$ cat structure_29.csv   # CSV, C-alpha atoms
chain,number,residue,atom,x,y,z
A,22,MET,CA,-15.6,12.8,2.2
A,23,TYR,CA,-12.7,10.9,0.8
A,24,GLN,CA,-13.2,9.9,-2.9
A,25,HIS,CA,-9.7,8.5,-3.7
A,26,ILE,CA,-7.9,6.6,-1.0
A,27,VAL,CA,-4.4,5.0,-1.5
A,28,LEU,CA,-3.8,1.9,0.6
A,29,ALA,CA,-0.2,0.9,0.8
A,30,ALA,CA,0.0,-2.9,0.9
A,31,ASP,CA,2.9,-5.3,1.0
A,32,GLY,CA,1.3,-8.6,2.1
A,33,SER,CA,2.0,-8.1,5.8
A,34,ASP,CA,-0.3,-8.3,8.8
A,35,ASN,CA,0.3,-4.5,9.2
A,36,ALA,CA,-1.1,-3.9,5.7
A,37,LEU,CA,-4.1,-6.0,6.5
A,38,ARG,CA,-4.8,-3.9,9.6
A,39,ALA,CA,-4.5,-0.8,7.5
A,40,ALA,CA,-7.0,-2.3,5.0
A,41,LYS,CA,-9.5,-2.8,7.8
A,42,GLU,CA,-9.3,0.9,8.6
A,43,ALA,CA,-9.6,1.7,4.9
A,44,VAL,CA,-12.8,-0.3,4.8
A,45,LYS,CA,-14.2,1.7,7.7
A,46,ILE,CA,-13.5,5.0,6.0
A,47,ALA,CA,-14.5,3.9,2.5
A,48,ARG,CA,-17.9,2.7,3.8
A,49,LEU,CA,-18.7,6.3,4.8
A,50,SER,CA,-19.2,7.4,1.1
A,51,ALA,CA,-20.7,5.5,-1.8
A,52,ASN,CA,-18.3,7.0,-4.3
A,53,THR,CA,-15.0,6.1,-2.7
A,54,VAL,CA,-12.4,4.1,-4.6
A,55,VAL,CA,-9.5,2.5,-2.7
A,56,ASN,CA,-6.3,2.1,-4.7
A,57,ILE,CA,-4.2,-0.7,-3.4
A,58,VAL,CA,-0.6,0.3,-4.1
A,59,TYR,CA,2.1,-2.4,-3.9
A,60,VAL,CA,5.7,-1.4,-4.5
A,61,ALA,CA,8.1,-4.1,-5.7
A,62,SER,CA,11.3,-2.8,-4.2
A,63,PHE,CA,14.6,-3.0,-6.1
A,64,ASP,CA,16.1,-5.3,-3.5
A,65,ASN,CA,13.3,-7.9,-3.7
A,66,ALA,CA,12.8,-7.5,-7.5
A,67,ARG,CA,16.1,-9.1,-8.3
A,68,ALA,CA,15.4,-12.2,-6.3
A,69,GLU,CA,11.8,-12.3,-7.6
A,70,HIS,CA,13.1,-12.2,-11.2
A,71,LEU,CA,15.6,-15.0,-10.6
A,72,HIS,CA,12.9,-17.3,-9.1
A,73,SER,CA,10.1,-16.6,-11.5
A,74,ALA,CA,9.5,-18.6,-14.6
A,75,SER,CA,8.0,-15.7,-16.6
A,76,SER,CA,6.9,-12.1,-16.3
A,77,GLU,CA,3.3,-13.4,-16.0
A,78,SER,CA,4.2,-15.6,-13.0
A,79,LEU,CA,6.0,-12.6,-11.4
A,80,LEU,CA,3.0,-10.4,-11.8
A,81,LEU,CA,0.8,-13.2,-10.3
A,82,GLU,CA,3.1,-13.5,-7.3
A,83,ARG,CA,2.9,-9.8,-6.7
A,84,ARG,CA,-0.8,-9.8,-7.0
A,85,ARG,CA,-0.9,-12.8,-4.5
A,86,LYS,CA,0.7,-10.5,-1.9
A,87,VAL,CA,-2.3,-8.2,-1.9
A,88,ALA,CA,-4.9,-10.9,-2.4
A,89,THR,CA,-6.1,-10.8,1.3
A,90,VAL,CA,-6.5,-7.1,1.1
A,91,GLU,CA,-8.5,-7.4,-2.2
A,92,GLN,CA,-10.7,-10.1,-0.6
A,93,LEU,CA,-11.4,-7.9,2.4
A,94,LEU,CA,-12.5,-5.0,0.1
A,95,LYS,CA,-14.6,-7.3,-2.0
A,96,GLU,CA,-16.4,-8.7,1.0
A,97,HIS,CA,-17.4,-5.2,2.0
A,98,HIS,CA,-18.3,-4.2,-1.5
A,99,ILE,CA,-15.7,-1.4,-1.7
A,100,SER,CA,-14.6,-0.2,-5.2
A,101,TYR,CA,-10.9,-0.8,-5.6
A,102,LYS,CA,-8.1,-1.1,-8.1
A,103,VAL,CA,-4.6,-2.4,-7.7
A,104,THR,CA,-1.5,-0.5,-8.8
A,105,ILE,CA,1.9,-2.2,-8.8
A,106,LEU,CA,4.9,0.1,-8.8
A,107,LYS,CA,8.6,-0.6,-8.9
A,108,GLY,CA,11.3,1.1,-6.8
A,109,GLU,CA,11.8,2.1,-3.2
A,110,PRO,CA,8.5,1.9,-1.3
A,111,ALA,CA,8.5,5.4,0.4
A,112,PRO,CA,9.4,7.5,-2.6
A,113,GLU,CA,7.1,5.6,-5.0
A,114,ILE,CA,4.1,5.9,-2.7
A,115,ILE,CA,4.8,9.6,-2.1
A,116,GLN,CA,5.2,10.3,-5.8
A,117,TYR,CA,2.0,8.3,-6.7
A,118,ALA,CA,-0.1,10.1,-4.0
A,119,ASN,CA,1.2,13.5,-5.0
A,120,ASP,CA,0.8,13.0,-8.7
A,121,ASN,CA,-2.8,11.5,-8.6
A,122,GLN,CA,-4.8,13.9,-6.5
A,123,VAL,CA,-5.3,11.4,-3.6
A,124,ASP,CA,-7.5,12.4,-0.8
A,125,LEU,CA,-6.0,10.1,1.9
A,126,VAL,CA,-3.1,7.7,2.2
A,127,ILE,CA,-3.5,4.8,4.6
A,128,ILE,CA,-0.4,2.8,5.5
A,129,GLY,CA,0.5,0.2,8.2
A,130,SER,CA,3.3,0.6,10.6
A,131,ARG,CA,5.7,-2.1,11.8
A,132,GLY,CA,5.9,-0.5,15.2
A,133,LEU,CA,9.6,0.2,15.2
A,134,ASN,CA,11.1,1.7,18.4
A,135,GLY,CA,13.0,5.0,18.1
A,136,LEU,CA,16.4,3.4,17.6
A,137,GLN,CA,15.1,1.0,14.9
A,138,GLU,CA,13.3,3.7,13.1
A,139,MET,CA,16.4,5.9,13.2
A,140,VAL,CA,18.7,3.1,11.9
A,141,LEU,CA,16.3,1.4,9.5
A,142,GLY,CA,14.1,4.3,8.5
A,143,SER,CA,10.3,4.0,8.5
A,144,VAL,CA,8.4,3.9,5.2
A,145,SER,CA,5.2,5.1,7.0
A,146,HIS,CA,7.1,8.0,8.6
A,147,LYS,CA,8.7,9.1,5.3
A,148,VAL,CA,5.3,8.9,3.6
A,149,MET,CA,3.6,10.8,6.4
A,150,LYS,CA,6.1,13.6,6.2
A,151,ARG,CA,6.1,14.1,2.4
A,152,VAL,CA,2.6,13.4,0.9
A,153,ASN,CA,0.5,16.5,0.1
A,154,CYS,CA,-2.7,15.0,1.5
A,155,PRO,CA,-3.8,13.6,4.9
A,156,ALA,CA,-2.2,10.3,5.9
A,157,LEU,CA,-3.2,7.7,8.4
A,158,ILE,CA,-0.7,5.3,9.9
A,159,VAL,CA,-2.2,2.2,11.4
A,160,LYS,CA,-0.3,0.5,14.2
$ encode --input "structure_29.csv" --output "structure tokens"
Amino acid sequence: MYQHIVLAADGSDNALRAAKEAVKIARLSANTVVNIVYVASFDNARAEHLHSASSESLLLERRRKVATVEQLLKEHHISYKVTILKGEPAPEIIQYANDNQVDLVIIGSRGLNGLQEMVLGSVSHKVMKRVNCPALIVK
């Protein structure tokens, strides 16, 4: 079964839905570790730095964005860790998954239509195409 699951989280409802699926899968094996990966994108990082009082408060704000996912995993007694990366979400998640022998990537989808996805790009679609392991997109 899956021993190392990466759960991409950004504080959204989509990420919480993905976390619920991660719980279902992680409960199938006692040795599974879910790694919550939050990517602080370059666009948001500038604004976050301007509004934060210190680097500690910035880290706390980023951890707050994944707190509901952490709480869900705690409630179900799932082993987890949190990794905060900096950069563009899709490439960072892809590189992390490919470099760390991940068994499964779980990521939420915003539910873009075809035109929106073509214009905006979809993080989940990019991750799905480029990771070297199975990936689950949760709508």
$ closest_residue --input "structure_29.csv" --among "A:Ile127, A:Val103, A:Leu81, A:Ala111" --to "Ala29 of chain A" --atoms "only C-alpha atoms"
A:Ile127
$ residues_around --input "structure_29.csv" --residues "His98 of chain A" --least-positions-apart "6" --cutoff "12 Å" --atoms "all atoms listed in the file" --output "ChimeraX atom specification"
/A:44-45,47-48,50-55,91-92
$ atom_distance --input "structure_29.csv" --atom1 "atom CA of Thr104 of chain A" --atom2 "atom CA of Ala61 of chain A"
10.7 Å
$ residues_around --input "structure_29.csv" --residues "Val126 of chain A" --least-positions-apart "4" --cutoff "10 Å" --atoms "all atoms listed in the file" --output "list in words"
His25, Ile26, Val27, Leu28, Ala29, Ala43, Val55, Asn56, Ile114, Ile115, Ala118, Ser145, Val148, Met149, Val152, Asn153, Cys154, Pro155, Ala156, Leu157 and Ile158 of chain A
$ closest_residue --input "structure_29.csv" --among "A:Ile105, A:Leu125, A:Val144, A:Ala40" --to "Val90 of chain A" --atoms "only C-alpha atoms"
A:Ala40
$ residues_near_point --input "structure_29.csv" --point "(1.4, -3.3, -5.7)" --cutoff "9 Å" --atoms "all atoms listed in the file" --output "PyMOL selection string"
chain A and resi 29-31+57-61+83-84+86-87+103-107
$ closest_residue --input "structure_29.csv" --among "A:Gln122, A:Ser62, A:Ser143, A:Ser130" --to "Val159 of chain A" --atoms "only C-alpha atoms"
A:Ser130
$ atom_distance --input "structure_29.csv" --atom1 "atom CA of Ala36 of chain A" --atom2 "atom CA of Arg131 of chain A"
9.3 Å
$ atom_distance --input "structure_29.csv" --atom1 "atom CA of Pro112 of chain A" --atom2 "atom CA of Ser100 of chain A"
25.3 Å
$ closest_residue --input "structure_29.csv" --among "A:Lys41, A:Ile128, A:Gly32, A:Asn119" --to "Lys95 of chain A" --atoms "only C-alpha atoms"
A:Lys41
$ closest_residue --input "structure_29.csv" --among "A:Gln116, A:Glu42, A:Asp34, A:Gly129" --to "Leu94 of chain A" --atoms "all atoms listed in the file"
A:Glu42
$ closest_residue --input "structure_29.csv" --among "A:Glu113, A:Lys160, A:Leu49, A:Tyr101" --to "Met22 of chain A" --atoms "only C-alpha atoms"
A:Leu49
